[in-house]
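Note sheet for the following structure.
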Amino acid sequence: MSFERKKILVLGAGYAGLTTVTGLQKKLGFQDADITLINKNEYHYESTWLHQVAAGTIHWEEATYPITKVVNTQKVRFVPAEVTAIHRDAQRVETNQGEFEYDILVVALGFESESFGIEGMDRYAHTITDPQTSLAARQEIERNFANYKTSGDQRDISILVGGAGFTGVEFLGELIESIPDLAKQYNIDYDDVKITCVEAAPSMLPMFSDELTQYAVDFLESKGVEFKIGTPIVAANEKGFVVKENDEETQLEAASVIWTAGVRGNSLMEESFEGVKRGRIITKPDLTIEGYDNIFVIGDVAAVMNGEGEDARPYPTTAQIAMQLGDHVAESIKNKLNGDKMRAFTFDDKGTVCSLGSEEGIGVVFGREVKGRRAAFLKRVIDTRAVFKVGGPFLAYSKGKFL
């Protein structure tokens, strides 16, 4: 290659950012570019495993690995730092560890919890957004079960889950596996434990058929979960949730309150770009943004549109699409450096599987519906494949879900 050595800066080491970097280090030689990856933690965490950390079915360290395990430090400079400002016209990024200039920028800053303005939610509910918040949720549940021995208060063994979306349902699936063991540990009758899931929408898991959704509901209810669907949460307080039922407000009480229903892109996006909604900016088909052909935006901060015109809708922000976006950007940067034309991104939807604990699940894989143990097996395949794709066979062996 006979081009000027460019500075490539990647912000964020989630699924999208880390896939971009591991792709770049394979596609580019030492002499081709200066590649810098900035991430606030020294580790990557599997965000699709956080519900297991929150439920206590895996330790938080099982859901993480050091970034230096997958980054070739001879080709990539890794800087643990928090991004504080993006100056898109000056081609400069500020962090708490100094400033960085770039020729090509990849923004993959990830997601944050979104409370949708529900009063008290940020204060009184735990979220499942990173290893720390997930661990805090689990510790809250354990602390309350321990308290029950002396308090005898039903609230201590009551758990409220806000949201029956993907994360909420997977979290419930893990809870029904871990809570019986926790109850046994503290000599509590599991039948006395109350797990309630509240969802404002008239239905749950809209990505699946009614038959698959009903399978999930029936299974979780058989294990003691109570659903309140079509029930908006008005507020969260020290007692639990205030919900609206039959046009009347009702107090639901629990000492353990977990909010799973809302995520948004990193709030730094609003400060850095125009046209950002809930931390997401619409990208062009090649994943750059309007007016800046040297800035790629991917992952949870990107609204990658499916279709054109008024019918266009953003793809859901999943790990599957995030990794495909990272692959695409790595290839696009290589093409850009070579002076070749960049292609539009095309999503290859291989399907979606929602786990209901370790031995149950529902899903659609390559257009076919699956449920039960087969779905649970495929979920383990998907999770292990994601680790393999970024870190290769040794990381997949140590972190995969088949040991």
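Letters A, B, ... go to the chains of the structure tokens in the order shown; residues in each chain start at 1; ligands are counted from 1 in the same order.
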Worksheet item: Could you name the residues that touch range 317-334 of chain A at 7 Å or less, counting only C-alpha atoms, but leaving out those on the same chain fewer than 6 positions away, as a ChimeraX atom specification?
Response: /A:15-17,19-20,23-24,27,298-300,342,345,347
Restricting the output to N, CA and C atoms, write the selected residues as an mmCIF file, in the first residue's frame.
```cif
data_model
loop_
_atom_site.group_PDB
_atom_site.id
_atom_site.type_symbol
_atom_site.label_atom_id
_atom_site.label_comp_id
_atom_site.auth_asym_id
_atom_site.auth_seq_id
_atom_site.Cartn_x
_atom_site.Cartn_y
_atom_site.Cartn_z
ATOM 1 N N TYR A 15 -19.257 -4.810 21.780
ATOM 2 C CA TYR A 15 -19.280 -5.731 20.645
ATOM 3 C C TYR A 15 -18.861 -5.043 19.344
ATOM 4 N N ALA A 16 -19.400 -3.844 19.101
ATOM 5 C CA ALA A 16 -19.136 -3.159 17.830
ATOM 6 C C ALA A 16 -17.692 -2.666 17.755
ATOM 7 N N GLY A 17 -17.237 -1.963 18.785
ATOM 8 C CA GLY A 17 -15.897 -1.385 18.761
ATOM 9 C C GLY A 17 -14.803 -2.435 18.755
ATOM 10 N N THR A 19 -15.022 -5.587 17.782
ATOM 11 C CA THR A 19 -15.024 -6.308 16.509
ATOM 12 C C THR A 19 -14.338 -5.483 15.426
ATOM 13 N N THR A 20 -14.548 -4.174 15.449
ATOM 14 C CA THR A 20 -13.860 -3.294 14.496
ATOM 15 C C THR A 20 -12.349 -3.407 14.656
ATOM 16 N N GLY A 23 -10.904 -6.721 13.658
ATOM 17 C CA GLY A 23 -10.931 -6.793 12.199
ATOM 18 C C GLY A 23 -9.817 -5.979 11.571
ATOM 19 N N LEU A 24 -9.601 -4.777 12.078
ATOM 20 C CA LEU A 24 -8.553 -3.906 11.545
ATOM 21 C C LEU A 24 -7.171 -4.517 11.726
ATOM 22 N N LYS A 27 -6.673 -7.000 9.022
ATOM 23 C CA LYS A 27 -6.700 -6.510 7.648
ATOM 24 C C LYS A 27 -5.566 -5.551 7.314
ATOM 25 N N ILE A 298 -21.399 3.253 15.117
ATOM 26 C CA ILE A 298 -21.927 1.888 15.134
ATOM 27 C C ILE A 298 -22.322 1.477 16.546
ATOM 28 N N GLY A 299 -23.044 0.358 16.624
ATOM 29 C CA GLY A 299 -23.466 -0.165 17.923
ATOM 30 C C GLY A 299 -24.663 0.578 18.480
ATOM 31 N N ASP A 300 -24.723 0.687 19.794
ATOM 32 C CA ASP A 300 -25.900 1.245 20.459
ATOM 33 C C ASP A 300 -26.091 2.738 20.238
ATOM 34 N N MET A 342 -16.481 2.408 -0.745
ATOM 35 C CA MET A 342 -17.082 1.765 0.419
ATOM 36 C C MET A 342 -18.488 1.283 0.061
ATOM 37 N N PHE A 345 -23.965 -1.054 4.135
ATOM 38 C CA PHE A 345 -24.093 -2.153 5.086
ATOM 39 C C PHE A 345 -25.359 -2.951 4.802
ATOM 40 N N PHE A 347 -27.538 -6.114 6.615
ATOM 41 C CA PHE A 347 -27.660 -6.953 7.811
ATOM 42 C C PHE A 347 -28.063 -8.369 7.419
#
```
Item to complete: Please identify all polymer residues within 9 Å of range 181-197 of chain A, counting only C-alpha atoms, omitting same-chain residues fewer than 5 positions from it, and present them as a ChimeraX atom specification.
Response: /A:142,145-146,148-149,154-164,168-169,172,175-176,224-229,254
Practice prompt. Name all residues at most 12 Å from Asn41 in chain A (count only C-alpha atoms; drop same-chain ones fewer than 5 positions away) and give them as a PyMOL selection string.
Written response: chain A and resi 11-14+64-68+78-83+109+130-132
Fill in: Point-to-point distance from CA of Lys239 in chain A to CA of Asp122 in chain A, Å rounded to tenths
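CA of Asp122 in chain A lies 14.3 Å from CA of Lys239 in chain A.
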Worksheet item: Which neighbours of Leu212 in chain A fall inside 12 Å, counting only C-alpha atoms, when residues of the same chain fewer than 6 positions from it are skipped, and could you give them as a PyMOL selection string?
Response: chain A and resi 204-206+218-219+353-356+360-364+368-372+375
Worksheet item: Skipping near chain neighbours, those fewer than 5 positions away, what residues fall within 12 Å of Lys6 in chain A using only C-alpha atoms, listed as a PyMOL selection string?
Response: chain A and resi 28+30-36+101-105+294+333-334+336-338
Worksheet item: Hey, which of A:Asp348, A:Glu114, A:Glu271, A:Glu177 ends up closest to Arg88 in chain A? Count only C-alpha atoms.
Response: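 The answer is A:Glu271, which sits nearest to Arg88 in chain A.
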Worksheet item: Mind pulling up the distance from CA of Lys399 in chain A to CA of Leu135 in chain A?
Response: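 These atoms are spaced 18.5 Å apart.
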Worksheet item: Among range 79-135 of chain A, which residues carry a DSSP assignment of helix (DSSP H, G or I), reported as a PyMOL selection string?
Response: chain A and resi 121-124+131-135
Those same residues, written as a short mmCIF file (atom, residue, chain, number, x, y, z; two decimals), in the first residue's frame with all heavy atoms?
```cif
data_model
loop_
_atom_site.label_atom_id
_atom_site.label_comp_id
_atom_site.auth_asym_id
_atom_site.auth_seq_id
_atom_site.Cartn_x
_atom_site.Cartn_y
_atom_site.Cartn_z
N MET A 121 -37.33 6.28 39.33
CA MET A 121 -36.74 5.05 38.80
C MET A 121 -35.22 5.05 38.95
O MET A 121 -34.61 4.04 39.34
CB MET A 121 -37.15 4.85 37.34
CG MET A 121 -36.79 3.47 36.80
SD MET A 121 -37.66 2.12 37.65
CE MET A 121 -39.30 2.27 36.91
N ASP A 122 -34.60 6.17 38.61
CA ASP A 122 -33.14 6.25 38.72
C ASP A 122 -32.66 6.08 40.15
O ASP A 122 -31.56 5.57 40.39
CB ASP A 122 -32.63 7.59 38.16
CG ASP A 122 -32.85 7.72 36.67
OD1 ASP A 122 -32.89 6.67 36.00
OD2 ASP A 122 -32.98 8.85 36.18
N ARG A 123 -33.47 6.49 41.10
CA ARG A 123 -33.06 6.47 42.51
C ARG A 123 -33.36 5.14 43.20
O ARG A 123 -32.54 4.65 43.98
CB ARG A 123 -33.76 7.61 43.26
CG ARG A 123 -33.42 7.67 44.73
CD ARG A 123 -34.11 8.85 45.41
NE ARG A 123 -33.84 8.87 46.84
CZ ARG A 123 -34.42 9.69 47.70
NH1 ARG A 123 -35.31 10.58 47.25
NH2 ARG A 123 -34.13 9.65 48.98
N TYR A 124 -34.51 4.55 42.92
CA TYR A 124 -34.97 3.42 43.72
C TYR A 124 -34.81 2.05 43.05
O TYR A 124 -34.99 1.03 43.71
CB TYR A 124 -36.44 3.62 44.10
CG TYR A 124 -36.65 4.76 45.06
CD1 TYR A 124 -37.20 5.97 44.62
CD2 TYR A 124 -36.29 4.65 46.40
CE1 TYR A 124 -37.39 7.03 45.50
CE2 TYR A 124 -36.47 5.70 47.28
CZ TYR A 124 -37.03 6.89 46.83
OH TYR A 124 -37.20 7.94 47.69
N PRO A 131 -21.24 -4.65 34.53
CA PRO A 131 -21.00 -5.61 35.61
C PRO A 131 -21.26 -5.05 37.00
O PRO A 131 -21.76 -5.77 37.88
CB PRO A 131 -19.51 -5.97 35.43
CG PRO A 131 -19.26 -5.78 33.98
CD PRO A 131 -20.09 -4.60 33.59
N GLN A 132 -20.94 -3.77 37.21
CA GLN A 132 -21.12 -3.18 38.54
C GLN A 132 -22.60 -3.08 38.92
O GLN A 132 -22.99 -3.45 40.03
CB GLN A 132 -20.47 -1.79 38.59
CG GLN A 132 -18.96 -1.80 38.55
CD GLN A 132 -18.39 -2.01 37.16
OE1 GLN A 132 -19.09 -1.86 36.17
NE2 GLN A 132 -17.12 -2.34 37.09
N THR A 133 -23.43 -2.57 38.00
CA THR A 133 -24.86 -2.43 38.31
C THR A 133 -25.52 -3.80 38.43
O THR A 133 -26.41 -3.99 39.26
CB THR A 133 -25.58 -1.60 37.24
OG1 THR A 133 -25.39 -2.21 35.95
CG2 THR A 133 -25.07 -0.17 37.20
N SER A 134 -25.07 -4.74 37.62
CA SER A 134 -25.65 -6.09 37.68
C SER A 134 -25.30 -6.76 39.01
O SER A 134 -26.16 -7.40 39.64
CB SER A 134 -25.13 -6.93 36.51
OG SER A 134 -25.43 -6.31 35.27
N LEU A 135 -24.06 -6.61 39.43
CA LEU A 135 -23.64 -7.19 40.71
C LEU A 135 -24.38 -6.53 41.87
O LEU A 135 -24.79 -7.20 42.83
CB LEU A 135 -22.13 -7.02 40.88
CG LEU A 135 -21.51 -7.61 42.15
CD1 LEU A 135 -21.75 -9.12 42.22
CD2 LEU A 135 -20.02 -7.30 42.21
#
```
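Straight-line separation from CA of Thr48 in chain A to CA of Thr384 in chain A: 11.5 Å.
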Sel. of strand (DSSP E) residues, range 131-298 of chain A, as a PDB file with C-alpha atoms, in the first residue's frame:
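And here is the file that came out, result06.pdb:
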```pdb
ATOM      1  CA  SER A 158     -40.404 -10.025  46.954  1.00  0.00           C
ATOM      2  CA  ILE A 159     -38.748  -9.013  43.672  1.00  0.00           C
ATOM      3  CA  LEU A 160     -40.169  -6.520  41.189  1.00  0.00           C
ATOM      4  CA  VAL A 161     -38.876  -6.575  37.604  1.00  0.00           C
ATOM      5  CA  GLY A 162     -39.734  -3.584  35.425  1.00  0.00           C
ATOM      6  CA  LYS A 194     -42.880 -13.386  45.116  1.00  0.00           C
ATOM      7  CA  ILE A 195     -41.456 -12.457  41.692  1.00  0.00           C
ATOM      8  CA  THR A 196     -43.554  -9.962  39.725  1.00  0.00           C
ATOM      9  CA  CYS A 197     -42.838  -8.601  36.250  1.00  0.00           C
ATOM     10  CA  VAL A 198     -44.531  -5.372  35.144  1.00  0.00           C
ATOM     11  CA  GLU A 199     -44.785  -4.360  31.471  1.00  0.00           C
ATOM     12  CA  VAL A 225     -43.477 -15.581  38.149  1.00  0.00           C
ATOM     13  CA  GLU A 226     -46.492 -13.257  38.062  1.00  0.00           C
ATOM     14  CA  PHE A 227     -46.927 -10.996  35.013  1.00  0.00           C
ATOM     15  CA  LYS A 228     -48.724  -7.670  34.889  1.00  0.00           C
ATOM     16  CA  ILE A 229     -48.886  -6.866  31.165  1.00  0.00           C
ATOM     17  CA  ILE A 233     -45.279   2.058  35.887  1.00  0.00           C
ATOM     18  CA  VAL A 234     -46.102   5.561  37.099  1.00  0.00           C
ATOM     19  CA  ALA A 235     -43.305   5.892  39.662  1.00  0.00           C
ATOM     20  CA  ALA A 236     -40.743   4.042  41.717  1.00  0.00           C
ATOM     21  CA  ASN A 237     -40.397   4.725  45.425  1.00  0.00           C
ATOM     22  CA  GLY A 240     -41.479  -0.524  45.014  1.00  0.00           C
ATOM     23  CA  PHE A 241     -43.501   0.485  41.927  1.00  0.00           C
ATOM     24  CA  VAL A 242     -46.614   2.601  41.624  1.00  0.00           C
ATOM     25  CA  VAL A 243     -48.556   1.201  38.653  1.00  0.00           C
ATOM     26  CA  LYS A 244     -51.748   2.118  36.860  1.00  0.00           C
ATOM     27  CA  GLU A 245     -54.346  -0.653  36.812  1.00  0.00           C
ATOM     28  CA  GLU A 248     -56.317   3.567  39.273  1.00  0.00           C
ATOM     29  CA  GLU A 249     -52.866   3.818  40.818  1.00  0.00           C
ATOM     30  CA  THR A 250     -51.723   0.819  42.850  1.00  0.00           C
ATOM     31  CA  GLN A 251     -48.622   0.358  45.005  1.00  0.00           C
ATOM     32  CA  LEU A 252     -46.651  -2.833  44.371  1.00  0.00           C
ATOM     33  CA  GLU A 253     -44.249  -3.568  47.205  1.00  0.00           C
ATOM     34  CA  SER A 256     -35.650  -5.762  45.464  1.00  0.00           C
ATOM     35  CA  VAL A 257     -36.548  -3.620  42.452  1.00  0.00           C
ATOM     36  CA  ILE A 258     -34.833  -4.152  39.077  1.00  0.00           C
ATOM     37  CA  TRP A 259     -35.415  -1.985  35.991  1.00  0.00           C
ATOM     38  CA  VAL A 263     -31.685   1.610  27.228  1.00  0.00           C
ATOM     39  CA  ARG A 264     -30.414   4.518  25.166  1.00  0.00           C
ATOM     40  CA  GLY A 265     -27.173   5.438  23.477  1.00  0.00           C
ATOM     41  CA  ILE A 281     -27.716   9.179  15.372  1.00  0.00           C
ATOM     42  CA  ILE A 282     -28.945   8.094  11.940  1.00  0.00           C
ATOM     43  CA  THR A 288     -20.700   7.220   8.216  1.00  0.00           C
ATOM     44  CA  ILE A 289     -22.768  10.243   9.263  1.00  0.00           C
ATOM     45  CA  TYR A 292     -18.462  13.533   7.847  1.00  0.00           C
ATOM     46  CA  ASP A 293     -17.223  10.717   5.643  1.00  0.00           C
ATOM     47  CA  ASN A 294     -14.390  10.033   8.100  1.00  0.00           C
ATOM     48  CA  ILE A 295     -16.659   9.336  11.096  1.00  0.00           C
ATOM     49  CA  PHE A 296     -18.295   5.920  11.441  1.00  0.00           C
ATOM     50  CA  VAL A 297     -20.966   5.427  14.123  1.00  0.00           C
TER      51      VAL A 297
END
```
Near Val276 in chain A, counting only C-alpha atoms, which residues have an atom at most 10 Å away, once you skip same-chain residues fewer than 6 positions from it, shown as a PDB file with C-alpha atoms, in the first residue's frame?
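As written to disk, selection.pdb reads:
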```pdb
ATOM      1  CA  GLY A 265     -27.173   5.438  23.477  1.00  0.00           C
ATOM      2  CA  SER A 267     -25.419  10.682  26.426  1.00  0.00           C
ATOM      3  CA  MET A 269     -23.739  11.751  21.588  1.00  0.00           C
ATOM      4  CA  GLU A 270     -26.149  14.649  22.158  1.00  0.00           C
ATOM      5  CA  ILE A 282     -28.945   8.094  11.940  1.00  0.00           C
ATOM      6  CA  VAL A 301     -25.206   4.876  19.481  1.00  0.00           C
ATOM      7  CA  ALA A 302     -26.158   4.261  15.823  1.00  0.00           C
ATOM      8  CA  ALA A 303     -29.570   4.257  14.194  1.00  0.00           C
TER       9      ALA A 303
END
```
Worksheet entry | Option closest in space to Phe100 in chain A, from A:Val70, A:Val10, A:Ala125, A:Val381 [counting only C-alpha atoms] |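 Comparing A:Val70, A:Val10, A:Ala125, A:Val381 against Phe100 in chain A, the winner is A:Val10.
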Fill in: Residues near Ala85 in chain A, cut-off 9 Å, only C-alpha atoms, skip fewer than 5 positions along chain, as a list in words
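Near Ala85 in chain A, the qualifying residues are Arg92, Val93, Glu94, Thr95, Leu268, Glu271 and Ser272 of chain A.
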Based on the selection just made, write N, CA, C and O atoms of those residues as an mmCIF file, in the first residue's frame.
```cif
data_model
loop_
_atom_site.group_PDB
_atom_site.id
_atom_site.type_symbol
_atom_site.label_atom_id
_atom_site.label_comp_id
_atom_site.auth_asym_id
_atom_site.auth_seq_id
_atom_site.Cartn_x
_atom_site.Cartn_y
_atom_site.Cartn_z
ATOM 1 N N ARG A 92 -10.640 15.818 16.814
ATOM 2 C CA ARG A 92 -9.952 15.674 18.089
ATOM 3 C C ARG A 92 -10.933 15.144 19.136
ATOM 4 O O ARG A 92 -12.106 15.519 19.148
ATOM 5 N N VAL A 93 -10.443 14.266 20.001
ATOM 6 C CA VAL A 93 -11.267 13.687 21.064
ATOM 7 C C VAL A 93 -10.596 13.962 22.404
ATOM 8 O O VAL A 93 -9.389 13.756 22.567
ATOM 9 N N GLU A 94 -11.383 14.440 23.360
ATOM 10 C CA GLU A 94 -10.880 14.666 24.718
ATOM 11 C C GLU A 94 -11.242 13.482 25.613
ATOM 12 O O GLU A 94 -12.350 12.939 25.521
ATOM 13 N N THR A 95 -10.315 13.099 26.489
ATOM 14 C CA THR A 95 -10.572 12.071 27.489
ATOM 15 C C THR A 95 -9.993 12.527 28.819
ATOM 16 O O THR A 95 -9.291 13.544 28.886
ATOM 17 N N LEU A 268 -23.164 11.253 25.670
ATOM 18 C CA LEU A 268 -22.173 12.118 25.033
ATOM 19 C C LEU A 268 -22.530 12.405 23.573
ATOM 20 O O LEU A 268 -22.085 13.407 23.008
ATOM 21 N N GLU A 271 -24.183 15.769 23.002
ATOM 22 C CA GLU A 271 -23.245 16.884 23.141
ATOM 23 C C GLU A 271 -22.328 17.008 21.925
ATOM 24 O O GLU A 271 -21.758 18.073 21.695
ATOM 25 N N SER A 272 -22.188 15.942 21.160
ATOM 26 C CA SER A 272 -21.171 15.900 20.108
ATOM 27 C C SER A 272 -21.720 16.047 18.695
ATOM 28 O O SER A 272 -20.999 16.453 17.781
#
```
